[in-house]
Amino acid sequence: MKFHEMEINQVEKVLDTDFSSGLSPEAVKKRIAQHGLNELEEGEKQSALLLFFSQFKDFMVLVLLAATLLSGLLGEYIDAIAIIAIVIINGILGFYQERRAEKSLQALKELSAPQVSILREGQWVKIPSKEIVPGDIIKFSSGDRIGADVRIIESRSLEIEESALTGESVPVSKHIDRLKTVNPGIGDMENIAFMGTMVTRGSGVGVVIGTGMKTAMGQIADLLQNAETQETPLQRRLEQLGKILITVALLLTVLVVAIGVLQGHELYTMFLAGVSLAVAAIPEGLPAIVTVALSLGVQKMIKKNAIVRKLPAVETLGCASVICSDKTGTMTQNKMTVTHLWSGGHTWTVDGVGYHPQGDFYRDNTRVHPKEEKALQQMLIFGMICNHSELVIKDDDYILDGDPTEGALLVSAMKAGFDRTNLLNEFTIIKEFPFDSARKMMSMHVKDKQGRNFIVTKGAPDVIIGKSESILWDGKTQYLGQNVQSQVQEAINNLASKALRTIAIAFKPISANTVILSEQEAESKLTFIGVQGMIDPPRPEVRDAVKECKEAGIKTVMITGDHIITAKAIAAQLGILAKKSLVLDGNALSNMSVEELEDVVDDVSVFARVSPEHKLKIVKALQNRGHIVAMTGDGVNDAPAIKAADIGVAMGITGTDVAKEASSLVLLDDNFATIKSAIEEGRNIYENIRKFVRYLLASNVGEILVMLFAMILALPLPLVPIQILWVNLVTDGLPAMALGLDRPEEDVMKRKPRSPNEGVFARGLGWKVVSRGFLIGIVTLLAFMIVYKQNPENLPYAQTIAFATLVMAQLIHVFDCRSEKSVLSRNPFGNQYLVWAVISSLALMIAVIYYPPFQPIFHTMPILAKDWLLIIGLSSVPTFLLAGTFLLRKTK
């Protein structure tokens, strides 16, 4: 018998599990050993050995290896061995970079894997979906993705969208009864929820019957996401740039070789020099360094509680000009606490902090016992029953499992001495009508021990008032006329003016034999009981984050479903609401077209009473005004706006799987300040990429020009091929990588957002590359000429001087690349990675010059102390000459 044909108690027995407590750790270990992890099998990955050998597929490296073979045939064994050694070292560095990037992205993939709520030893805990085993009990609600194939054992208005399996986008209603159909199709299995499908409505509990490749998803297709490995726009631009540079480098190299041969140099020597120059001039390491810089930046963001799911988002973050952020939980602490209650003309206050269920009730500054106040008691009881949240004690602290608003209602009732477990012994829940963002309310059909039936409803006060025809006033039910409605509205406005969020409680007695079939039927002709006012205090760090964003040219817009008065009060506290700022509510948004919204959207700082459907309209209006928009969200209905935004941001704690999958950034702490940190890191990553592009290209320009100018001036070769390759290895590798780890400049969050269409060479980078490269080439050639003219017979010594000058000029220049302004504007020791990279490069250069076994290999000679003054003096010119011109401009 198959699981869909079994009764629930049979399923429990067959799977050897306990629906009330779940599996024990010992049972989980055995089942993981038996069934494996809950993962779909991936295609074969490239082995480490193949990845290493792929480093030698580059055309220029193959040409260099051919030249090495030629060297060996001509008897130049030392040169051949040295060149092969350098090629292998370059290959090892490239392999390390790609392997590290691959591991970073794999770690990122695992961090962004979905979490599921699972019952283990009687406690609901969240674990990665890959740790699910058959027999586990999992719960899910609207917006969640099902983590495995499960047999449903509890269903509350549960609907699941199964298009990933069936192609049918219409959600399927799910129930717990056994199926009598023989061999039903996937779309007809109404008591089974399948791995990878989405809950669109209601909630439920299920027992896992299949994991990994034994699920329906596993049998049909491997749907693993590979979005993280796509190339970013910057990588594509740099790849195109690389092709241009290869063409230019090859042309210049051919020119150098041709001029050298015409001037009498040996063809073999010039050929080897030309190939070496081409290899040195082409920044073949650039794509790998960009990937490593992006992945390391992503790892930094993870430490700051931001998971980047798609690498292009790293670049886009630096361009963000507007952040549209939820208020609750993102700008506030997400610890809703009821502080005021109103019913029938009376107001009560309650003290206590957070989710600790201790506090006293007061009316007119006099302490009262809530169980002696009938209306208050009824409001607290119904608020606790119409509720799914739970308080869990962890590390001597109360942790909420559930919605913060429901948590506040739960805690306020607990402060009055009520217990939900005891109440559910007195009231039986017959049917539930789950919360819906369109209805802005939820309801339950309950029955008490006396057999009386009620509809209990909670939701937005203005909506509940519209659905009520009577009100509880001084313990009596009376007609809710216009005059009373005005008093209720005044009380709600009074609470909202204190920045309190208000939730109304209502009920309706019904006869025992009444069958309620729809929300419309349940939520009409209600009796209004009262309102609970709660506050979610702002996070202390958000005000500073908003201020920093403003200085960075980034506008912060608050979007909330709260009352407009509450929204304005919180926005003012956080510095979002300026004097001339506009505030729009959901009604105004509904009556505006996108074009009409465009006309005013730049002046709006707060959108209140907004439904998720409005968010998409806000995103489009801002984008049409030319903004790069970051949009936060957590619900299923937020997904279209998150996906449409330039940077979709999902909540890691409260966010649904649908929202996370639509997003490019996930906040692990649901904190607005984390968005600011991510934008700062995104800006810094882009600036660091510009830094090492500038460094690598300026160095390469210098290497080409020193050889070209020497040929034009009919001079001997200033550098031999092995020296060119060594410069490429010593100066292009570690220092360039270290630049990718540089800290942000002080003013990185004081600049305007970067245009997404900005080219790699924007903001004067092209001029810096050419001017520094030109000067590096000139001073290297000058050092060579000065020493060579003094002693033409000792060419190797002059070449050693040129070699040392070129390396020193590039290692000094790397500090200049740390700033857009000047080498003098930043502490040279601020990047410890760079300091150690430069020290390592200097040590390697000195070893090549002074260690006797290396001298015949690299054609070097020990440099005299007096000549080091010449080397250091000339190699400082490219950096400090231009730094001096910067200071002159600054003083004028």
# chains A, B, ... in the order shown; residues from 1 in each chain; ligands from 1
$ residues_around --residues "stretch 487-492 of chain A" --least-positions-apart "6" --cutoff "10 Å" --atoms "only C-alpha atoms" --output "PyMOL selection string"
chain A and resi 341-347+461-462+465+471+480+500-504+528+530-533+563
$ select_by_dssp --residues "stretch 257-473 of chain A" --states "alpha helix (DSSP H)" --output "ChimeraX atom specification"
/A:257-262,267-281,286-303,312-317,374-385,404-415,420-426,461-467
$ residues_around --residues "A:Leu577" --least-positions-apart "3" --cutoff "12 Å" --atoms "only C-alpha atoms" --output "MDAnalysis selection string"
chainID A and resid 543 546:547 550 555:558 567:574 580:583 603:607
$ closest_residue --among "A:Ile846, A:Leu51, A:Ile776, A:Ile554" --to "A:Ile92" --atoms "only C-alpha atoms"
A:Leu51
$ residues_around --residues "stretch 179-194 of chain A" --least-positions-apart "6" --cutoff "7 Å" --atoms "only C-alpha atoms" --output "list in words"
His4, Glu5, Ile146, Ala148, Asp149, Val150, Arg151, Ile152, Thr166, Ser173 and Ala216 of chain A
$ write_last_selection --atoms "C-alpha atoms" --output "compact mmCIF listing (two decimals), in the first residue's frame"
# COMPACT_ATOMS: atom_id res chain seq x y z
CA HIS A 4 -1.40 8.32 -0.21
CA GLU A 5 -3.67 5.28 0.23
CA ILE A 146 8.31 22.20 0.74
CA ALA A 148 10.86 16.97 0.85
CA ASP A 149 7.95 14.75 -0.21
CA VAL A 150 5.51 14.66 2.73
CA ARG A 151 2.20 13.03 3.61
CA ILE A 152 -0.03 15.76 5.02
CA THR A 166 3.02 19.49 -13.21
CA SER A 173 -6.16 22.30 -2.27
CA ALA A 216 9.06 13.17 -7.22
$ select_by_dssp --residues "stretch 605-813 of chain A" --states "strand (DSSP E or B)" --output "list in words"
Ser605, Val606, Phe607, Ala608, Val629, Ala630, Met631, Thr632, Gly633, Ile647, Gly648, Val649, Ala650, Met651, Leu665, Val666 and Leu667 of chain A
$ residues_around --residues "stretch 768-775 of chain A" --least-positions-apart "6" --cutoff "10 Å" --atoms "only C-alpha atoms" --output "ChimeraX atom specification"
/A:693-706,761,781,809-810,813,816-817,820,874-875,877-879,881-882
$ write_last_selection --atoms "N, CA, C and O atoms" --output "mmCIF file, in the first residue's frame"
data_model
loop_
_atom_site.group_PDB
_atom_site.id
_atom_site.type_symbol
_atom_site.label_atom_id
_atom_site.label_comp_id
_atom_site.auth_asym_id
_atom_site.auth_seq_id
_atom_site.Cartn_x
_atom_site.Cartn_y
_atom_site.Cartn_z
ATOM 1 N N VAL A 693 42.764 46.749 -11.549
ATOM 2 C CA VAL A 693 42.784 46.963 -13.007
ATOM 3 C C VAL A 693 43.775 48.078 -13.339
ATOM 4 O O VAL A 693 44.609 47.958 -14.241
ATOM 5 N N ARG A 694 43.688 49.150 -12.564
ATOM 6 C CA ARG A 694 44.611 50.280 -12.747
ATOM 7 C C ARG A 694 46.060 49.834 -12.551
ATOM 8 O O ARG A 694 46.943 50.171 -13.347
ATOM 9 N N TYR A 695 46.299 49.064 -11.490
ATOM 10 C CA TYR A 695 47.665 48.624 -11.178
ATOM 11 C C TYR A 695 48.220 47.692 -12.257
ATOM 12 O O TYR A 695 49.328 47.886 -12.763
ATOM 13 N N LEU A 696 47.439 46.671 -12.605
ATOM 14 C CA LEU A 696 47.914 45.686 -13.582
ATOM 15 C C LEU A 696 48.180 46.319 -14.946
ATOM 16 O O LEU A 696 49.223 46.070 -15.566
ATOM 17 N N LEU A 697 47.233 47.155 -15.405
ATOM 18 C CA LEU A 697 47.379 47.729 -16.742
ATOM 19 C C LEU A 697 48.513 48.752 -16.797
ATOM 20 O O LEU A 697 49.260 48.807 -17.777
ATOM 21 N N ALA A 698 48.661 49.574 -15.749
ATOM 22 C CA ALA A 698 49.757 50.554 -15.734
ATOM 23 C C ALA A 698 51.104 49.828 -15.744
ATOM 24 O O ALA A 698 52.042 50.231 -16.443
ATOM 25 N N SER A 699 51.197 48.726 -14.977
ATOM 26 C CA SER A 699 52.435 47.935 -14.941
ATOM 27 C C SER A 699 52.728 47.345 -16.316
ATOM 28 O O SER A 699 53.866 47.373 -16.795
ATOM 29 N N ASN A 700 51.671 46.810 -16.963
ATOM 30 C CA ASN A 700 51.860 46.197 -18.277
ATOM 31 C C ASN A 700 52.245 47.221 -19.331
ATOM 32 O O ASN A 700 53.086 46.956 -20.203
ATOM 33 N N VAL A 701 51.630 48.417 -19.266
ATOM 34 C CA VAL A 701 51.999 49.498 -20.200
ATOM 35 C C VAL A 701 53.470 49.845 -20.029
ATOM 36 O O VAL A 701 54.213 50.014 -21.003
ATOM 37 N N GLY A 702 53.899 49.946 -18.774
ATOM 38 C CA GLY A 702 55.304 50.256 -18.491
ATOM 39 C C GLY A 702 56.252 49.219 -19.063
ATOM 40 O O GLY A 702 57.297 49.547 -19.646
ATOM 41 N N GLU A 703 55.911 47.923 -18.936
ATOM 42 C CA GLU A 703 56.768 46.845 -19.445
ATOM 43 C C GLU A 703 56.885 46.897 -20.965
ATOM 44 O O GLU A 703 57.975 46.700 -21.530
ATOM 45 N N ILE A 704 55.768 47.154 -21.643
ATOM 46 C CA ILE A 704 55.800 47.213 -23.112
ATOM 47 C C ILE A 704 56.607 48.424 -23.580
ATOM 48 O O ILE A 704 57.448 48.323 -24.478
ATOM 49 N N LEU A 705 56.354 49.574 -22.946
ATOM 50 C CA LEU A 705 56.995 50.801 -23.417
ATOM 51 C C LEU A 705 58.504 50.790 -23.219
ATOM 52 O O LEU A 705 59.249 51.326 -24.056
ATOM 53 N N VAL A 706 58.985 50.198 -22.126
ATOM 54 C CA VAL A 706 60.440 50.181 -21.904
ATOM 55 C C VAL A 706 61.134 49.406 -23.028
ATOM 56 O O VAL A 706 62.215 49.795 -23.502
ATOM 57 N N PHE A 761 37.053 52.548 -17.374
ATOM 58 C CA PHE A 761 38.064 53.610 -17.343
ATOM 59 C C PHE A 761 37.485 54.977 -16.968
ATOM 60 O O PHE A 761 38.123 56.005 -17.183
ATOM 61 N N LEU A 781 63.770 52.765 -18.403
ATOM 62 C CA LEU A 781 64.700 52.946 -19.531
ATOM 63 C C LEU A 781 65.812 53.915 -19.166
ATOM 64 O O LEU A 781 66.984 53.714 -19.536
ATOM 65 N N ALA A 809 59.440 50.404 -9.121
ATOM 66 C CA ALA A 809 58.462 51.404 -9.579
ATOM 67 C C ALA A 809 57.043 50.864 -9.454
ATOM 68 O O ALA A 809 56.121 51.573 -9.040
ATOM 69 N N GLN A 810 56.865 49.572 -9.797
ATOM 70 C CA GLN A 810 55.525 48.977 -9.723
ATOM 71 C C GLN A 810 55.098 48.755 -8.267
ATOM 72 O O GLN A 810 53.927 48.968 -7.929
ATOM 73 N N HIS A 813 54.168 52.062 -6.941
ATOM 74 C CA HIS A 813 52.928 52.491 -7.598
ATOM 75 C C HIS A 813 51.692 51.801 -7.011
ATOM 76 O O HIS A 813 50.598 52.369 -6.998
ATOM 77 N N ASP A 816 49.931 53.853 -4.598
ATOM 78 C CA ASP A 816 49.216 54.961 -5.238
ATOM 79 C C ASP A 816 47.826 54.503 -5.689
ATOM 80 O O ASP A 816 46.871 55.279 -5.695
ATOM 81 N N CYS A 817 47.731 53.220 -6.075
ATOM 82 C CA CYS A 817 46.463 52.687 -6.589
ATOM 83 C C CYS A 817 45.398 52.548 -5.507
ATOM 84 O O CYS A 817 44.231 52.305 -5.809
ATOM 85 N N GLU A 820 41.796 57.135 -5.072
ATOM 86 C CA GLU A 820 41.432 57.871 -6.288
ATOM 87 C C GLU A 820 42.163 59.206 -6.343
ATOM 88 O O GLU A 820 42.277 59.818 -7.395
ATOM 89 N N LEU A 874 64.601 57.010 -8.996
ATOM 90 C CA LEU A 874 63.868 56.988 -10.267
ATOM 91 C C LEU A 874 62.528 56.247 -10.124
ATOM 92 O O LEU A 874 61.507 56.684 -10.676
ATOM 93 N N SER A 875 62.520 55.135 -9.381
ATOM 94 C CA SER A 875 61.284 54.350 -9.271
ATOM 95 C C SER A 875 60.201 55.082 -8.470
ATOM 96 O O SER A 875 59.018 54.749 -8.572
ATOM 97 N N VAL A 877 59.610 58.309 -8.887
ATOM 98 C CA VAL A 877 59.136 59.444 -9.700
ATOM 99 C C VAL A 877 57.700 59.256 -10.194
ATOM 100 O O VAL A 877 56.857 60.164 -10.047
ATOM 101 N N PRO A 878 57.328 58.102 -10.831
ATOM 102 C CA PRO A 878 55.968 57.983 -11.381
ATOM 103 C C PRO A 878 54.871 58.239 -10.346
ATOM 104 O O PRO A 878 53.851 58.851 -10.643
ATOM 105 N N THR A 879 55.110 57.772 -9.122
ATOM 106 C CA THR A 879 54.085 57.921 -8.080
ATOM 107 C C THR A 879 54.115 59.306 -7.454
ATOM 108 O O THR A 879 53.083 59.988 -7.374
ATOM 109 N N LEU A 881 55.767 62.153 -8.372
ATOM 110 C CA LEU A 881 55.668 63.314 -9.271
ATOM 111 C C LEU A 881 54.200 63.687 -9.449
ATOM 112 O O LEU A 881 53.814 64.850 -9.325
ATOM 113 N N LEU A 882 53.364 62.665 -9.707
ATOM 114 C CA LEU A 882 51.933 62.930 -9.907
ATOM 115 C C LEU A 882 51.228 63.246 -8.591
ATOM 116 O O LEU A 882 50.240 63.973 -8.569
#
$ decode --residues "stretch 311-419 of chain A" --atoms "C-alpha atoms" --output "PDB file, in the first residue's frame"
ATOM      1  CA  LEU A 311      27.165  37.998  -8.007  1.00  0.00           C
ATOM      2  CA  PRO A 312      25.880  40.795 -10.308  1.00  0.00           C
ATOM      3  CA  ALA A 313      24.172  42.236  -7.226  1.00  0.00           C
ATOM      4  CA  VAL A 314      27.601  43.092  -5.801  1.00  0.00           C
ATOM      5  CA  GLU A 315      28.136  45.582  -8.627  1.00  0.00           C
ATOM      6  CA  THR A 316      24.562  46.851  -8.560  1.00  0.00           C
ATOM      7  CA  LEU A 317      24.800  47.568  -4.822  1.00  0.00           C
ATOM      8  CA  GLY A 318      27.329  50.320  -5.567  1.00  0.00           C
ATOM      9  CA  CYS A 319      24.812  51.998  -7.896  1.00  0.00           C
ATOM     10  CA  ALA A 320      21.810  51.985  -5.520  1.00  0.00           C
ATOM     11  CA  SER A 321      20.171  55.412  -5.239  1.00  0.00           C
ATOM     12  CA  VAL A 322      16.968  54.464  -3.350  1.00  0.00           C
ATOM     13  CA  ILE A 323      16.345  51.902  -0.612  1.00  0.00           C
ATOM     14  CA  CYS A 324      12.693  50.976  -0.168  1.00  0.00           C
ATOM     15  CA  SER A 325      12.571  49.258   3.193  1.00  0.00           C
ATOM     16  CA  ASP A 326       9.939  47.578   5.299  1.00  0.00           C
ATOM     17  CA  LYS A 327       9.527  49.173   8.707  1.00  0.00           C
ATOM     18  CA  THR A 328       8.665  46.234  10.913  1.00  0.00           C
ATOM     19  CA  GLY A 329      11.683  44.154  11.883  1.00  0.00           C
ATOM     20  CA  THR A 330      13.977  45.864   9.398  1.00  0.00           C
ATOM     21  CA  MET A 331      13.994  49.361  10.849  1.00  0.00           C
ATOM     22  CA  THR A 332      12.537  48.290  14.157  1.00  0.00           C
ATOM     23  CA  GLN A 333      13.414  45.540  16.650  1.00  0.00           C
ATOM     24  CA  ASN A 334      10.572  43.218  15.615  1.00  0.00           C
ATOM     25  CA  LYS A 335       9.650  42.655  19.250  1.00  0.00           C
ATOM     26  CA  MET A 336       6.115  43.959  19.280  1.00  0.00           C
ATOM     27  CA  THR A 337       4.880  44.733  22.775  1.00  0.00           C
ATOM     28  CA  VAL A 338       1.306  45.656  23.705  1.00  0.00           C
ATOM     29  CA  THR A 339       1.375  48.814  25.830  1.00  0.00           C
ATOM     30  CA  HIS A 340      -2.220  50.127  25.517  1.00  0.00           C
ATOM     31  CA  LEU A 341      -5.629  48.442  25.229  1.00  0.00           C
ATOM     32  CA  TRP A 342      -8.982  50.092  24.522  1.00  0.00           C
ATOM     33  CA  SER A 343     -12.534  48.759  24.799  1.00  0.00           C
ATOM     34  CA  GLY A 344     -15.911  50.406  25.303  1.00  0.00           C
ATOM     35  CA  GLY A 345     -14.544  53.857  26.142  1.00  0.00           C
ATOM     36  CA  HIS A 346     -11.874  52.610  28.597  1.00  0.00           C
ATOM     37  CA  THR A 347      -8.100  52.521  28.116  1.00  0.00           C
ATOM     38  CA  TRP A 348      -5.708  50.190  29.964  1.00  0.00           C
ATOM     39  CA  THR A 349      -1.927  50.294  29.947  1.00  0.00           C
ATOM     40  CA  VAL A 350       0.386  47.353  30.534  1.00  0.00           C
ATOM     41  CA  ASP A 351       4.088  47.433  31.335  1.00  0.00           C
ATOM     42  CA  GLY A 352       6.867  44.921  30.633  1.00  0.00           C
ATOM     43  CA  VAL A 353       9.579  44.658  27.979  1.00  0.00           C
ATOM     44  CA  GLY A 354       9.885  42.462  24.892  1.00  0.00           C
ATOM     45  CA  TYR A 355       8.566  38.926  25.058  1.00  0.00           C
ATOM     46  CA  HIS A 356       8.931  38.421  28.813  1.00  0.00           C
ATOM     47  CA  PRO A 357       5.394  37.524  29.974  1.00  0.00           C
ATOM     48  CA  GLN A 358       5.565  39.638  33.134  1.00  0.00           C
ATOM     49  CA  GLY A 359       3.756  42.948  33.494  1.00  0.00           C
ATOM     50  CA  ASP A 360       0.978  44.778  35.317  1.00  0.00           C
ATOM     51  CA  PHE A 361      -2.243  46.346  33.974  1.00  0.00           C
ATOM     52  CA  TYR A 362      -3.406  49.857  34.900  1.00  0.00           C
ATOM     53  CA  ARG A 363      -6.566  51.887  34.300  1.00  0.00           C
ATOM     54  CA  ASP A 364      -6.495  55.599  35.126  1.00  0.00           C
ATOM     55  CA  ASN A 365      -3.070  55.043  36.747  1.00  0.00           C
ATOM     56  CA  THR A 366      -4.591  52.460  39.120  1.00  0.00           C
ATOM     57  CA  ARG A 367      -3.391  48.877  38.998  1.00  0.00           C
ATOM     58  CA  VAL A 368      -6.171  46.445  38.085  1.00  0.00           C
ATOM     59  CA  HIS A 369      -6.550  42.691  37.735  1.00  0.00           C
ATOM     60  CA  PRO A 370      -7.453  42.011  34.081  1.00  0.00           C
ATOM     61  CA  LYS A 371      -9.558  38.941  34.956  1.00  0.00           C
ATOM     62  CA  GLU A 372     -11.921  41.276  36.826  1.00  0.00           C
ATOM     63  CA  GLU A 373     -12.438  43.507  33.766  1.00  0.00           C
ATOM     64  CA  LYS A 374     -14.873  41.598  31.515  1.00  0.00           C
ATOM     65  CA  ALA A 375     -14.242  43.374  28.190  1.00  0.00           C
ATOM     66  CA  LEU A 376     -10.474  43.360  28.750  1.00  0.00           C
ATOM     67  CA  GLN A 377     -10.558  39.668  29.681  1.00  0.00           C
ATOM     68  CA  GLN A 378     -12.551  38.732  26.591  1.00  0.00           C
ATOM     69  CA  MET A 379     -10.267  40.768  24.308  1.00  0.00           C
ATOM     70  CA  LEU A 380      -7.151  39.086  25.769  1.00  0.00           C
ATOM     71  CA  ILE A 381      -8.617  35.556  25.564  1.00  0.00           C
ATOM     72  CA  PHE A 382      -9.798  35.895  21.958  1.00  0.00           C
ATOM     73  CA  GLY A 383      -6.478  37.516  20.967  1.00  0.00           C
ATOM     74  CA  MET A 384      -4.672  34.475  22.408  1.00  0.00           C
ATOM     75  CA  ILE A 385      -6.957  31.893  20.768  1.00  0.00           C
ATOM     76  CA  CYS A 386      -6.900  33.469  17.280  1.00  0.00           C
ATOM     77  CA  ASN A 387      -3.147  33.024  17.230  1.00  0.00           C
ATOM     78  CA  HIS A 388      -0.383  30.661  16.032  1.00  0.00           C
ATOM     79  CA  SER A 389       2.651  32.042  17.867  1.00  0.00           C
ATOM     80  CA  GLU A 390       4.522  30.318  20.679  1.00  0.00           C
ATOM     81  CA  LEU A 391       7.062  31.435  23.276  1.00  0.00           C
ATOM     82  CA  VAL A 392      10.142  29.267  23.636  1.00  0.00           C
ATOM     83  CA  ILE A 393      12.613  29.622  26.507  1.00  0.00           C
ATOM     84  CA  LYS A 394      16.186  29.484  25.215  1.00  0.00           C
ATOM     85  CA  ASP A 395      19.300  30.453  27.200  1.00  0.00           C
ATOM     86  CA  ASP A 396      17.095  32.048  29.906  1.00  0.00           C
ATOM     87  CA  ASP A 397      15.463  34.253  27.279  1.00  0.00           C
ATOM     88  CA  TYR A 398      12.013  34.167  25.730  1.00  0.00           C
ATOM     89  CA  ILE A 399      12.185  33.580  21.976  1.00  0.00           C
ATOM     90  CA  LEU A 400       9.125  34.022  19.796  1.00  0.00           C
ATOM     91  CA  ASP A 401       8.254  31.319  17.285  1.00  0.00           C
ATOM     92  CA  GLY A 402       5.739  32.989  15.016  1.00  0.00           C
ATOM     93  CA  ASP A 403       4.504  36.369  13.850  1.00  0.00           C
ATOM     94  CA  PRO A 404       5.604  39.352  16.046  1.00  0.00           C
ATOM     95  CA  THR A 405       2.114  40.872  16.087  1.00  0.00           C
ATOM     96  CA  GLU A 406       0.583  37.586  17.208  1.00  0.00           C
ATOM     97  CA  GLY A 407       3.435  37.292  19.708  1.00  0.00           C
ATOM     98  CA  ALA A 408       2.480  40.639  21.264  1.00  0.00           C
ATOM     99  CA  LEU A 409      -1.138  39.492  21.671  1.00  0.00           C
ATOM    100  CA  LEU A 410       0.058  36.208  23.153  1.00  0.00           C
ATOM    101  CA  VAL A 411       2.359  37.935  25.658  1.00  0.00           C
ATOM    102  CA  SER A 412      -0.278  40.496  26.702  1.00  0.00           C
ATOM    103  CA  ALA A 413      -2.670  37.622  27.556  1.00  0.00           C
ATOM    104  CA  MET A 414       0.115  35.735  29.384  1.00  0.00           C
ATOM    105  CA  LYS A 415       0.770  38.856  31.485  1.00  0.00           C
ATOM    106  CA  ALA A 416      -2.873  38.605  32.559  1.00  0.00           C
ATOM    107  CA  GLY A 417      -2.306  34.991  33.671  1.00  0.00           C
ATOM    108  CA  PHE A 418      -3.817  33.147  30.681  1.00  0.00           C
ATOM    109  CA  ASP A 419      -2.218  30.056  29.139  1.00  0.00           C
TER     110      ASP A 419
END
